[in-house]
Amino acid sequence: GARNRGNTGTDMNAIPMLAIKDVQVLRDGAAAQYGSDAIAGVLDIGLKRSLGCEAVAGYSQYSVGDGKNYLASAYCGVALGDKGVIGITGEYLDRGRSNRAEPGNPRIIGDTKAQNQTLYVNGDLPTPAGKLYFTAGAQSRDASSAAWARGGVGSDDIPSRNSAA
């Protein structure tokens, strides 16, 4: 339940990297197409529905040696009936913590530690009336954060002159 734990409703880490075919960024005219909820714009994420398999693995870390990241992701698209496709994507992400706070600072400023295992299934199936599109996803995530607690009234975070308000 702490801030910065990756538990927001619009979490892009919930979609595996290899499940994404393309991303369209719609800005000024998005409200005309998507309604008033899209005043600020829309990210339209297209998911793969192609035949074949691909995989990627990677490792990275920051130059100071922290924030180590391991990623493994695989996608396979197989035929479903005559013209349908089902795509299955699995992903494992292990992101290490980074800290850019000054030495001795009790706060941690940087990336949170997170470990995700994600499975996505999406595709299409022809029907007499057109196509049936489907998407389902599941993710297990273990994350921890520094939670950025405030120092309290009278501290640099909440000066005394503001405490009455």
# chains A, B, ... in the order shown; residues from 1 in each chain; ligands from 1

$ residues_around --residues "Ile15 in chain A" --least-positions-apart "4" --cutoff "10 Å" --atoms "only C-alpha atoms" --output "compact mmCIF listing (two decimals) with N, CA, C and O atoms, in the first residue's frame"
# COMPACT_ATOMS: atom_id res chain seq x y z
N ASP A 11 -0.48 0.84 -14.61
CA ASP A 11 0.88 0.35 -14.48
C ASP A 11 1.32 -0.30 -15.78
O ASP A 11 0.87 -1.38 -16.13
N ALA A 19 4.59 -8.70 -25.76
CA ALA A 19 3.17 -8.77 -26.14
C ALA A 19 2.75 -7.54 -26.94
O ALA A 19 1.72 -7.55 -27.60
N ILE A 20 3.59 -6.49 -26.94
CA ILE A 20 3.24 -5.23 -27.58
C ILE A 20 3.71 -5.23 -29.04
O ILE A 20 4.88 -5.46 -29.33
N ILE A 45 -2.23 1.02 -27.12
CA ILE A 45 -1.25 -0.07 -27.15
C ILE A 45 -1.83 -1.23 -27.95
O ILE A 45 -2.82 -1.82 -27.54
N LEU A 47 -1.62 -4.99 -29.26
CA LEU A 47 -0.99 -6.26 -28.87
C LEU A 47 -0.78 -7.15 -30.09
O LEU A 47 -1.52 -7.10 -31.06
N THR A 89 2.34 -14.79 -24.20
CA THR A 89 3.57 -14.11 -23.82
C THR A 89 3.84 -14.36 -22.34
O THR A 89 2.95 -14.18 -21.51
N GLY A 90 5.05 -14.73 -22.02
CA GLY A 90 5.49 -14.89 -20.64
C GLY A 90 6.68 -13.99 -20.39
O GLY A 90 7.52 -13.79 -21.28
N GLU A 91 6.75 -13.41 -19.18
CA GLU A 91 7.86 -12.50 -18.88
C GLU A 91 8.27 -12.62 -17.43
O GLU A 91 7.42 -12.76 -16.54
N THR A 118 4.81 -12.57 -15.32
CA THR A 118 3.63 -12.16 -16.05
C THR A 118 3.31 -13.15 -17.16
O THR A 118 4.20 -13.64 -17.83
N LEU A 119 2.01 -13.43 -17.34
CA LEU A 119 1.54 -14.26 -18.44
C LEU A 119 0.39 -13.53 -19.12
O LEU A 119 -0.55 -13.07 -18.45
N TYR A 120 0.47 -13.37 -20.44
CA TYR A 120 -0.55 -12.69 -21.24
C TYR A 120 -0.99 -13.61 -22.36
O TYR A 120 -0.16 -14.27 -22.99
N GLY A 137 -4.70 -11.49 -18.83
CA GLY A 137 -3.37 -11.40 -18.26
C GLY A 137 -3.37 -11.70 -16.79
O GLY A 137 -4.37 -11.48 -16.09
N ALA A 138 -2.24 -12.21 -16.30
CA ALA A 138 -2.07 -12.47 -14.87
C ALA A 138 -0.63 -12.12 -14.51
O ALA A 138 0.29 -12.34 -15.30
N GLN A 139 -0.47 -11.53 -13.33
CA GLN A 139 0.86 -11.14 -12.90
C GLN A 139 1.00 -11.37 -11.40
O GLN A 139 0.08 -11.08 -10.63

$ closest_residue --among "A:Val121, A:Lys21, A:Gly84, A:Thr112" --to "Ala136 in chain A" --atoms "only C-alpha atoms"
A:Val121

$ atom_distance --atom1 "CA of Met17 in chain A" --atom2 "CA of Ser50 in chain A"
14.9 Å

$ closest_atom_pairs --of "range 10-88 of chain A" --to "range 96-111 of chain A" --cutoff "7 Å" --atoms "only C-alpha atoms" --output "Markdown table"
| residue | atom | partner | partner_atom | distance |
| --- | --- | --- | --- | --- |
| A:Asp66 | CA | A:Ser98 | CA | 5.3 |
| A:Gly67 | CA | A:Gly96 | CA | 4.5 |
| A:Lys68 | CA | A:Gly96 | CA | 4.9 |
| A:Asn69 | CA | A:Gly96 | CA | 6.0 |

$ residues_around --residues "Ala72 in chain A" --least-positions-apart "6" --cutoff "9 Å" --atoms "only C-alpha atoms" --output "VMD selection string"
chain A and resid 55 to 58 90 to 93

$ select_by_dssp --residues "range 11-105 of chain A" --states "strand (DSSP E or B)" --output "VMD selection string"
chain A and resid 20 to 26 42 to 47 52 to 60 69 to 80 84 to 95

$ atom_distance --atom1 "CA of Leu43 in chain A" --atom2 "CA of Ala30 in chain A"
9.5 Å

$ residues_around --residues "Cys53 in chain A" --least-positions-apart "6" --cutoff "9 Å" --atoms "only C-alpha atoms" --output "number ranges by chain"
A: 74-78

$ write_last_selection --atoms "N, CA, C and O atoms" --output "PDB file, in the first residue's frame"
ATOM      1  N   ALA A  74       9.225 -14.049 -23.650  1.00  0.00           N
ATOM      2  CA  ALA A  74       9.026 -14.894 -24.836  1.00  0.00           C
ATOM      3  C   ALA A  74       7.587 -14.774 -25.313  1.00  0.00           C
ATOM      4  O   ALA A  74       6.660 -14.668 -24.508  1.00  0.00           O
ATOM      5  N   TYR A  75       7.419 -14.783 -26.637  1.00  0.00           N
ATOM      6  CA  TYR A  75       6.108 -14.712 -27.277  1.00  0.00           C
ATOM      7  C   TYR A  75       6.010 -15.843 -28.288  1.00  0.00           C
ATOM      8  O   TYR A  75       6.960 -16.117 -29.024  1.00  0.00           O
ATOM      9  N   CYS A  76       4.848 -16.492 -28.329  1.00  0.00           N
ATOM     10  CA  CYS A  76       4.547 -17.473 -29.368  1.00  0.00           C
ATOM     11  C   CYS A  76       3.116 -17.256 -29.846  1.00  0.00           C
ATOM     12  O   CYS A  76       2.186 -17.203 -29.029  1.00  0.00           O
ATOM     13  N   GLY A  77       2.961 -17.135 -31.165  1.00  0.00           N
ATOM     14  CA  GLY A  77       1.644 -17.004 -31.775  1.00  0.00           C
ATOM     15  C   GLY A  77       1.368 -18.230 -32.619  1.00  0.00           C
ATOM     16  O   GLY A  77       2.180 -18.608 -33.466  1.00  0.00           O
ATOM     17  N   VAL A  78       0.248 -18.878 -32.366  1.00  0.00           N
ATOM     18  CA  VAL A  78      -0.113 -20.095 -33.096  1.00  0.00           C
ATOM     19  C   VAL A  78      -1.492 -19.911 -33.729  1.00  0.00           C
ATOM     20  O   VAL A  78      -2.308 -19.121 -33.264  1.00  0.00           O
TER      21      VAL A  78
END

$ atom_distance --atom1 "CA of Leu18 in chain A" --atom2 "CA of Ile39 in chain A"
29.1 Å

$ closest_residue --among "A:Gln61, A:Asn122, A:Ser36, A:Gln24" --to "Asp94 in chain A" --atoms "only C-alpha atoms"
A:Gln61

$ residues_around --residues "Leu26 in chain A" --least-positions-apart "3" --cutoff "10 Å" --atoms "only C-alpha atoms" --output "list of chain:residue names"
A:Val23, A:Gly29, A:Ala30, A:Ala31, A:Gln33, A:Tyr34, A:Ala38, A:Ala40, A:Gly41, A:Val42, A:Leu43, A:Asp44

$ closest_residue --among "A:Ala32, A:Leu71, A:Leu80, A:Ile88" --to "Glu54 in chain A" --atoms "only C-alpha atoms"
A:Ile88
